[in-house]
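*Asks:* One structure, as structure tokens, below. Some questions next.
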Amino acid sequence: MPATAPTLSDTGAALCAILILLVPLAGAGLALINTGLGRSRSAAHLMMSSLCVVSVAALAYIFCGFAWQGFAGQPAHVAMIGGKPWGWLGAGPLLLRHMTFAASPALLAALLGMLSAGLAGLIPLGAGADRWRLGACCASTALLAGWTFPLFSHWVWGGGWLAQLGADYGIGQGFVDAGGASTIQAMGGLTALAIVWILGARRGKYAHDGMPTAIPGHNAVFVLFGCLLALVGWWGLNSAGTILFNGAEPGVAVIVAINSTLSAASAALAAALVTNTRFGKPDASLTANGWIGGLAASSGACAFVLPIEAAIIGVIAGVLVTFSVEWFELRMSVDDPGGSISAHAMGGLWGVLAVGVFGSIPPRVLNSSGQAVAHPGQWLAQLVGIATLIGFVLPLTYGLNWLLNRVYPQRVPAEGERQGMDLYELGAGAYPEFITHGDEFTER
Amino acid sequence: MKILGFMLLLSGWAIVLTAVALLTQDGPRAAFVLAGIGVEIVGLTLVIRAHPVRRGEHE
């Protein structure tokens with residue numbers, strides 16, 4: 001990304017603000033998908049958790065997150081390694097105290113970051129559905145939005161060392177992530193994996209011989225409507241990220257919206273085709289996961305690829321997500337009711353790699369005479385980012401949540417799972433006129 | 001095995017960082033970055049294999 005902050009005209013800033021205001025629709029879509037893919041007796045709990053997670057993320061991010069994420073051209077903690085600066089953490093004051101409250105790019109970045117942190121916090125909810133306590137969701141989100149997300153976002157979006165790989169080491173244009181394939185999707189998905197490892201599987205999910213039991217989602221309409229809602233949010237997310245963090249002109253929003261839609265559509269059709277071929281009928285929940293995986297993958301390169309390349313990225317994401325869901329459940333014994341790990345972590349990581357494979361990124365690294373020069377090796381910059389996500393972010397988020405679990409157990413007691421999270425934690429169900437079923441707890 | 005897996009994840013990342021910081025030629029740098037990712041894959045495999053045991057604790 002550029003080391004200096006982008007400049008925006010008043011019209012550009014207004015357009016960017018409108019795009020950012022679409023982002024909550026992505027959160028609403030994810031909340032509906034997570035709820036629909038969970039059990040009916042935890043539906044109100046999941047929506048309540050979604051609301052609380054977004055609230056905690058907003059407060060934690062504005063309290064300290066943006067100060068540590070920073071923005072291009074703002075103060076940062078820098079370590080000198082081999083004579084080269086490595087920006088590793090923003091150094092702004094807490095609570096946005098340094099901001100001028102006009103529609104500056106930095107303030108728009110703070111708004112986008114606040115909503116992005118909430119979106120990243122919603123992703124693990126789908127994986128921990130039916131067994132993750134409300135208080136633990138909130139505490140885990142505070143760690144994510146207040147520390148893990150800002151730290152990695154500084155490296156990618158705040159002018160940190162990953163973004164400067166091109167300028168400092170001549171590796172491509174530095175690590176590039178237009179709309180949050182790494183900072184939001186992979187970050188949320190890897191946190192979801194850590195949460196599932198800590199929580200364990202739902203009671204009754206795995207038989208004594210290790211074979212998983214199918215526990216279908218309770219409302220396919222929620223899931224599929226959530227997909228359509230999320231698309232609108234993703235248009236805003238990908239467009240605003242490209243403008244604010246990659247220095248693109250506001251007009252890029254059109255091609256970003258086309259590419260994001262093509263990627264999601266291709267991924268959903270690929271997932272429907274694969275499941276139809278394998279099972280005889282298209283699977284609605286896997287198709288929805290494919291759609292979200294396509295959106296997550298589109299976030300990386302949405303502004304730097306042709307529409308046909310966006311469609312190819314989507315097809316690969318759809319196939320990848322479909323097989324990944326089965327692989328996690330059958331081979332790894334990972335009980336992820338919402339498919340969050342496959343859709344967001346696998347989709348996001350593929351989206352990051354796709355920037356190196358398909359992306360045509362305008363030269364932005366300046367030489368000594370001030371001219372933009374193109375460096376080869378964009379794929380290597382993207383691989384360094386992927387290595388950082390798997391080798392640093394995953395252990396970090398696992399360690400933080402493991403410590404939290406020692407202080408405040410994150411899993412609901414067995415009685416809570418038996419009653420359902422709605423009754424146990426909220427005292428009332430989402431559908432009081434229906435009888436909930438408990439037959440999956442029959443000893444097998 | 002879980003702790004060893006996480007240590008390998010961090011070690012792989014350290015190899016990648018070292019390659020970026022110390023090597024200047026594209027070929028060796030790419031080779032060491034790929035080697036670091038290979039170490040991470042081994043670490044991830046160990047962490048994955050360490051976790052199915054937890055499944056039984058909640059049955």
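Following the order of the structure tokens, chains are lettered A, B, ..., residues in each are numbered from 1, and ligands are numbered from 1.
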Can you list, as a ChimeraX atom specification, every residue of chain B that DSSP puts in alpha helix (DSSP H)?

*Replies:* /B:2-22,26-50

*Asks:* Could you please take those selected residues and save C-alpha atoms as a short mmCIF file (atom, residue, chain, number, x, y, z; two decimals), in the first residue's frame?

*Replies:*
```cif
data_model
loop_
_atom_site.label_atom_id
_atom_site.label_comp_id
_atom_site.auth_asym_id
_atom_site.auth_seq_id
_atom_site.Cartn_x
_atom_site.Cartn_y
_atom_site.Cartn_z
CA LYS B 2 0.16 -29.50 20.51
CA ILE B 3 2.83 -27.25 22.01
CA LEU B 4 5.42 -28.65 19.61
CA GLY B 5 3.05 -27.93 16.74
CA PHE B 6 2.58 -24.32 17.78
CA MET B 7 6.34 -23.94 18.26
CA LEU B 8 6.85 -25.19 14.71
CA LEU B 9 4.25 -22.71 13.43
CA LEU B 10 6.17 -19.86 15.03
CA SER B 11 9.52 -21.29 13.86
CA GLY B 12 8.28 -21.46 10.28
CA TRP B 13 7.20 -17.84 10.49
CA ALA B 14 10.61 -16.90 11.91
CA ILE B 15 12.31 -18.59 8.94
CA VAL B 16 10.11 -16.57 6.56
CA LEU B 17 10.93 -13.31 8.36
CA THR B 18 14.62 -14.10 8.40
CA ALA B 19 14.60 -14.89 4.69
CA VAL B 20 12.91 -11.57 3.93
CA ALA B 21 15.26 -9.57 6.15
CA LEU B 22 18.60 -11.19 5.36
CA ASP B 26 15.15 -13.60 -5.33
CA GLY B 27 15.87 -17.33 -5.73
CA PRO B 28 17.28 -18.13 -2.27
CA ARG B 29 14.73 -15.82 -0.64
CA ALA B 30 11.83 -17.60 -2.32
CA ALA B 31 13.31 -20.99 -1.42
CA PHE B 32 13.61 -20.08 2.26
CA VAL B 33 10.13 -18.59 2.35
CA LEU B 34 8.76 -21.84 0.91
CA ALA B 35 10.84 -23.80 3.42
CA GLY B 36 9.36 -21.72 6.25
CA ILE B 37 5.86 -22.42 4.98
CA GLY B 38 6.78 -26.12 4.85
CA VAL B 39 7.76 -26.02 8.52
CA GLU B 40 4.44 -24.30 9.27
CA ILE B 41 2.55 -27.08 7.48
CA VAL B 42 4.32 -29.67 9.62
CA GLY B 43 3.41 -27.66 12.73
CA LEU B 44 -0.20 -27.30 11.63
CA THR B 45 -0.41 -31.04 11.03
CA LEU B 46 0.83 -31.71 14.56
CA VAL B 47 -1.67 -29.27 16.06
CA ILE B 48 -4.49 -30.84 14.05
CA ARG B 49 -3.51 -34.35 15.15
CA ALA B 50 -3.36 -33.19 18.77
#
```

*Asks:* Sorted by chain and rising residue number, which residues of chain A lie within 7 Å of chain B, and what are their closest atom pairs and distances in Å to one decimal, counting only C-alpha atoms, as JSON lines?

*Replies:*
```
{"residue": "A:Gly82", "atom": "CA", "partner": "B:Ala21", "partner_atom": "CA", "distance": 6.8}
{"residue": "A:Trp197", "atom": "CA", "partner": "B:His51", "partner_atom": "CA", "distance": 6.5}
{"residue": "A:Gly200", "atom": "CA", "partner": "B:Arg55", "partner_atom": "CA", "distance": 5.7}
{"residue": "A:Ala201", "atom": "CA", "partner": "B:Arg55", "partner_atom": "CA", "distance": 6.0}
{"residue": "A:Arg203", "atom": "CA", "partner": "B:Glu59", "partner_atom": "CA", "distance": 5.6}
{"residue": "A:Gly204", "atom": "CA", "partner": "B:Glu59", "partner_atom": "CA", "distance": 6.6}
{"residue": "A:Met332", "atom": "CA", "partner": "B:Ile48", "partner_atom": "CA", "distance": 6.6}
{"residue": "A:Ser333", "atom": "CA", "partner": "B:Pro52", "partner_atom": "CA", "distance": 5.8}
{"residue": "A:Leu380", "atom": "CA", "partner": "B:Ala30", "partner_atom": "CA", "distance": 6.7}
{"residue": "A:Val384", "atom": "CA", "partner": "B:Val16", "partner_atom": "CA", "distance": 6.8}
{"residue": "A:Ala387", "atom": "CA", "partner": "B:Ile37", "partner_atom": "CA", "distance": 5.9}
{"residue": "A:Thr388", "atom": "CA", "partner": "B:Trp13", "partner_atom": "CA", "distance": 6.1}
{"residue": "A:Gly391", "atom": "CA", "partner": "B:Leu9", "partner_atom": "CA", "distance": 4.5}
{"residue": "A:Phe392", "atom": "CA", "partner": "B:Leu10", "partner_atom": "CA", "distance": 6.0}
{"residue": "A:Pro395", "atom": "CA", "partner": "B:Phe6", "partner_atom": "CA", "distance": 6.2}
```

*Asks:* Please dump the current selection as an mmCIF file, in the first residue's frame; keep all heavy atoms.

*Replies:*
```cif
data_model
loop_
_atom_site.group_PDB
_atom_site.id
_atom_site.type_symbol
_atom_site.label_atom_id
_atom_site.label_comp_id
_atom_site.auth_asym_id
_atom_site.auth_seq_id
_atom_site.Cartn_x
_atom_site.Cartn_y
_atom_site.Cartn_z
ATOM 1 N N GLY A 82 18.308 -4.731 9.991
ATOM 2 C CA GLY A 82 19.176 -4.694 8.803
ATOM 3 C C GLY A 82 19.128 -3.346 8.115
ATOM 4 O O GLY A 82 19.249 -3.283 6.890
ATOM 5 N N TRP A 197 -11.314 -25.525 18.401
ATOM 6 C CA TRP A 197 -10.364 -26.403 19.082
ATOM 7 C C TRP A 197 -10.520 -26.284 20.600
ATOM 8 O O TRP A 197 -10.409 -27.259 21.327
ATOM 9 C CB TRP A 197 -8.932 -26.035 18.675
ATOM 10 C CG TRP A 197 -8.498 -26.681 17.389
ATOM 11 C CD1 TRP A 197 -9.033 -27.789 16.812
ATOM 12 C CD2 TRP A 197 -7.431 -26.251 16.532
ATOM 13 N NE1 TRP A 197 -8.359 -28.074 15.641
ATOM 14 C CE2 TRP A 197 -7.377 -27.160 15.444
ATOM 15 C CE3 TRP A 197 -6.521 -25.208 16.571
ATOM 16 C CZ2 TRP A 197 -6.434 -27.041 14.417
ATOM 17 C CZ3 TRP A 197 -5.589 -25.088 15.543
ATOM 18 C CH2 TRP A 197 -5.556 -25.991 14.485
ATOM 19 N N GLY A 200 -14.304 -27.641 21.598
ATOM 20 C CA GLY A 200 -14.639 -29.034 21.294
ATOM 21 C C GLY A 200 -15.944 -29.095 20.514
ATOM 22 O O GLY A 200 -16.600 -28.080 20.251
ATOM 23 N N ALA A 201 -16.321 -30.318 20.139
ATOM 24 C CA ALA A 201 -17.524 -30.510 19.325
ATOM 25 C C ALA A 201 -18.783 -30.426 20.181
ATOM 26 O O ALA A 201 -18.728 -30.559 21.410
ATOM 27 C CB ALA A 201 -17.458 -31.872 18.641
ATOM 28 N N ARG A 203 -22.195 -31.722 21.829
ATOM 29 C CA ARG A 203 -22.579 -33.041 22.356
ATOM 30 C C ARG A 203 -23.437 -33.756 21.313
ATOM 31 O O ARG A 203 -24.372 -33.180 20.773
ATOM 32 C CB ARG A 203 -23.365 -32.890 23.652
ATOM 33 C CG ARG A 203 -22.543 -32.320 24.790
ATOM 34 C CD ARG A 203 -23.394 -32.149 26.026
ATOM 35 N NE ARG A 203 -23.774 -33.456 26.588
ATOM 36 C CZ ARG A 203 -22.996 -34.174 27.387
ATOM 37 N NH1 ARG A 203 -21.798 -33.739 27.713
ATOM 38 N NH2 ARG A 203 -23.406 -35.323 27.860
ATOM 39 N N GLY A 204 -23.110 -34.987 21.068
ATOM 40 C CA GLY A 204 -23.879 -35.768 20.110
ATOM 41 C C GLY A 204 -23.418 -35.617 18.675
ATOM 42 O O GLY A 204 -23.937 -36.282 17.787
ATOM 43 N N MET A 332 -10.750 -33.958 10.348
ATOM 44 C CA MET A 332 -10.127 -33.214 11.444
ATOM 45 C C MET A 332 -10.998 -33.162 12.685
ATOM 46 O O MET A 332 -10.594 -32.568 13.691
ATOM 47 C CB MET A 332 -9.807 -31.783 10.991
ATOM 48 C CG MET A 332 -8.673 -31.721 9.993
ATOM 49 S SD MET A 332 -8.416 -30.055 9.376
ATOM 50 C CE MET A 332 -8.138 -29.141 10.862
ATOM 51 N N SER A 333 -12.183 -33.746 12.623
ATOM 52 C CA SER A 333 -13.117 -33.732 13.752
ATOM 53 C C SER A 333 -13.370 -32.321 14.257
ATOM 54 O O SER A 333 -13.457 -32.084 15.462
ATOM 55 C CB SER A 333 -12.590 -34.605 14.895
ATOM 56 O OG SER A 333 -12.408 -35.921 14.454
ATOM 57 N N LEU A 380 5.309 -13.873 -4.048
ATOM 58 C CA LEU A 380 6.116 -14.105 -2.853
ATOM 59 C C LEU A 380 5.639 -13.216 -1.702
ATOM 60 O O LEU A 380 5.564 -13.655 -0.550
ATOM 61 C CB LEU A 380 7.589 -13.835 -3.162
ATOM 62 C CG LEU A 380 8.583 -14.249 -2.096
ATOM 63 C CD1 LEU A 380 8.499 -15.743 -1.816
ATOM 64 C CD2 LEU A 380 10.014 -13.878 -2.500
ATOM 65 N N VAL A 384 4.300 -14.509 1.921
ATOM 66 C CA VAL A 384 4.781 -14.037 3.223
ATOM 67 C C VAL A 384 3.592 -13.665 4.115
ATOM 68 O O VAL A 384 3.579 -13.959 5.322
ATOM 69 C CB VAL A 384 5.746 -12.833 3.053
ATOM 70 C CG1 VAL A 384 6.109 -12.229 4.402
ATOM 71 C CG2 VAL A 384 7.013 -13.266 2.322
ATOM 72 N N ALA A 387 1.995 -16.894 5.295
ATOM 73 C CA ALA A 387 2.840 -17.489 6.342
ATOM 74 C C ALA A 387 2.652 -16.758 7.664
ATOM 75 O O ALA A 387 2.670 -17.373 8.741
ATOM 76 C CB ALA A 387 4.306 -17.439 5.917
ATOM 77 N N THR A 388 2.444 -15.456 7.605
ATOM 78 C CA THR A 388 2.227 -14.674 8.827
ATOM 79 C C THR A 388 0.880 -15.015 9.464
ATOM 80 O O THR A 388 0.771 -15.131 10.688
ATOM 81 C CB THR A 388 2.303 -13.169 8.499
ATOM 82 O OG1 THR A 388 3.560 -12.904 7.893
ATOM 83 C CG2 THR A 388 2.143 -12.330 9.749
ATOM 84 N N GLY A 391 1.408 -18.784 10.677
ATOM 85 C CA GLY A 391 2.505 -18.984 11.624
ATOM 86 C C GLY A 391 2.496 -18.040 12.806
ATOM 87 O O GLY A 391 3.144 -18.322 13.825
ATOM 88 N N PHE A 392 1.782 -16.929 12.701
ATOM 89 C CA PHE A 392 1.762 -15.986 13.824
ATOM 90 C C PHE A 392 0.354 -15.713 14.335
ATOM 91 O O PHE A 392 0.081 -15.815 15.530
ATOM 92 C CB PHE A 392 2.427 -14.666 13.417
ATOM 93 C CG PHE A 392 2.351 -13.615 14.495
ATOM 94 C CD1 PHE A 392 3.146 -13.704 15.621
ATOM 95 C CD2 PHE A 392 1.461 -12.558 14.393
ATOM 96 C CE1 PHE A 392 3.055 -12.752 16.631
ATOM 97 C CE2 PHE A 392 1.363 -11.608 15.390
ATOM 98 C CZ PHE A 392 2.165 -11.706 16.516
ATOM 99 N N PRO A 395 -1.377 -18.994 16.102
ATOM 100 C CA PRO A 395 -0.920 -19.228 17.477
ATOM 101 C C PRO A 395 -1.300 -18.103 18.438
ATOM 102 O O PRO A 395 -1.635 -18.351 19.597
ATOM 103 C CB PRO A 395 0.605 -19.326 17.339
ATOM 104 C CG PRO A 395 0.840 -19.728 15.932
ATOM 105 C CD PRO A 395 -0.256 -19.081 15.140
#
```

*Asks:* In Å, with one decimal, what is the gap from atom CA of Gly166 of chain A to atom CA of Ala181 of chain A?

*Replies:* 19.3 Å

*Asks:* List the neighbours of Ala136 of chain A out to 9 Å using only C-alpha atoms; skip same-chain residues closer than 5 positions along the sequence, and give me the result as an mmCIF file with N, CA, C and O atoms, in the first residue's frame.

*Replies:*
```
data_model
loop_
_atom_site.group_PDB
_atom_site.id
_atom_site.type_symbol
_atom_site.label_atom_id
_atom_site.label_comp_id
_atom_site.auth_asym_id
_atom_site.auth_seq_id
_atom_site.Cartn_x
_atom_site.Cartn_y
_atom_site.Cartn_z
ATOM 1 N N THR A 141 -14.159 -11.440 21.594
ATOM 2 C CA THR A 141 -14.229 -10.376 20.582
ATOM 3 C C THR A 141 -13.439 -9.150 21.014
ATOM 4 O O THR A 141 -12.813 -8.476 20.178
ATOM 5 N N LEU A 404 -7.939 -16.994 27.994
ATOM 6 C CA LEU A 404 -9.283 -16.561 28.385
ATOM 7 C C LEU A 404 -10.087 -17.742 28.927
ATOM 8 O O LEU A 404 -10.800 -17.612 29.936
ATOM 9 N N ASN A 405 -9.937 -18.885 28.270
ATOM 10 C CA ASN A 405 -10.674 -20.075 28.688
ATOM 11 C C ASN A 405 -10.259 -20.540 30.083
ATOM 12 O O ASN A 405 -11.056 -21.124 30.813
ATOM 13 N N TYR A 408 -12.045 -17.810 32.271
ATOM 14 C CA TYR A 408 -13.499 -17.765 32.115
ATOM 15 C C TYR A 408 -13.890 -18.844 31.116
ATOM 16 O O TYR A 408 -13.775 -18.621 29.903
ATOM 17 N N PRO A 409 -14.285 -20.025 31.590
ATOM 18 C CA PRO A 409 -14.584 -21.126 30.671
ATOM 19 C C PRO A 409 -15.567 -20.706 29.575
ATOM 20 O O PRO A 409 -16.618 -20.128 29.857
ATOM 21 N N GLN A 410 -15.169 -21.004 28.335
ATOM 22 C CA GLN A 410 -15.943 -20.478 27.206
ATOM 23 C C GLN A 410 -17.121 -21.371 26.824
ATOM 24 O O GLN A 410 -18.078 -20.899 26.214
ATOM 25 N N ARG A 411 -17.026 -22.662 27.184
ATOM 26 C CA ARG A 411 -18.084 -23.582 26.760
ATOM 27 C C ARG A 411 -19.192 -23.630 27.798
ATOM 28 O O ARG A 411 -18.935 -23.641 29.007
#
```
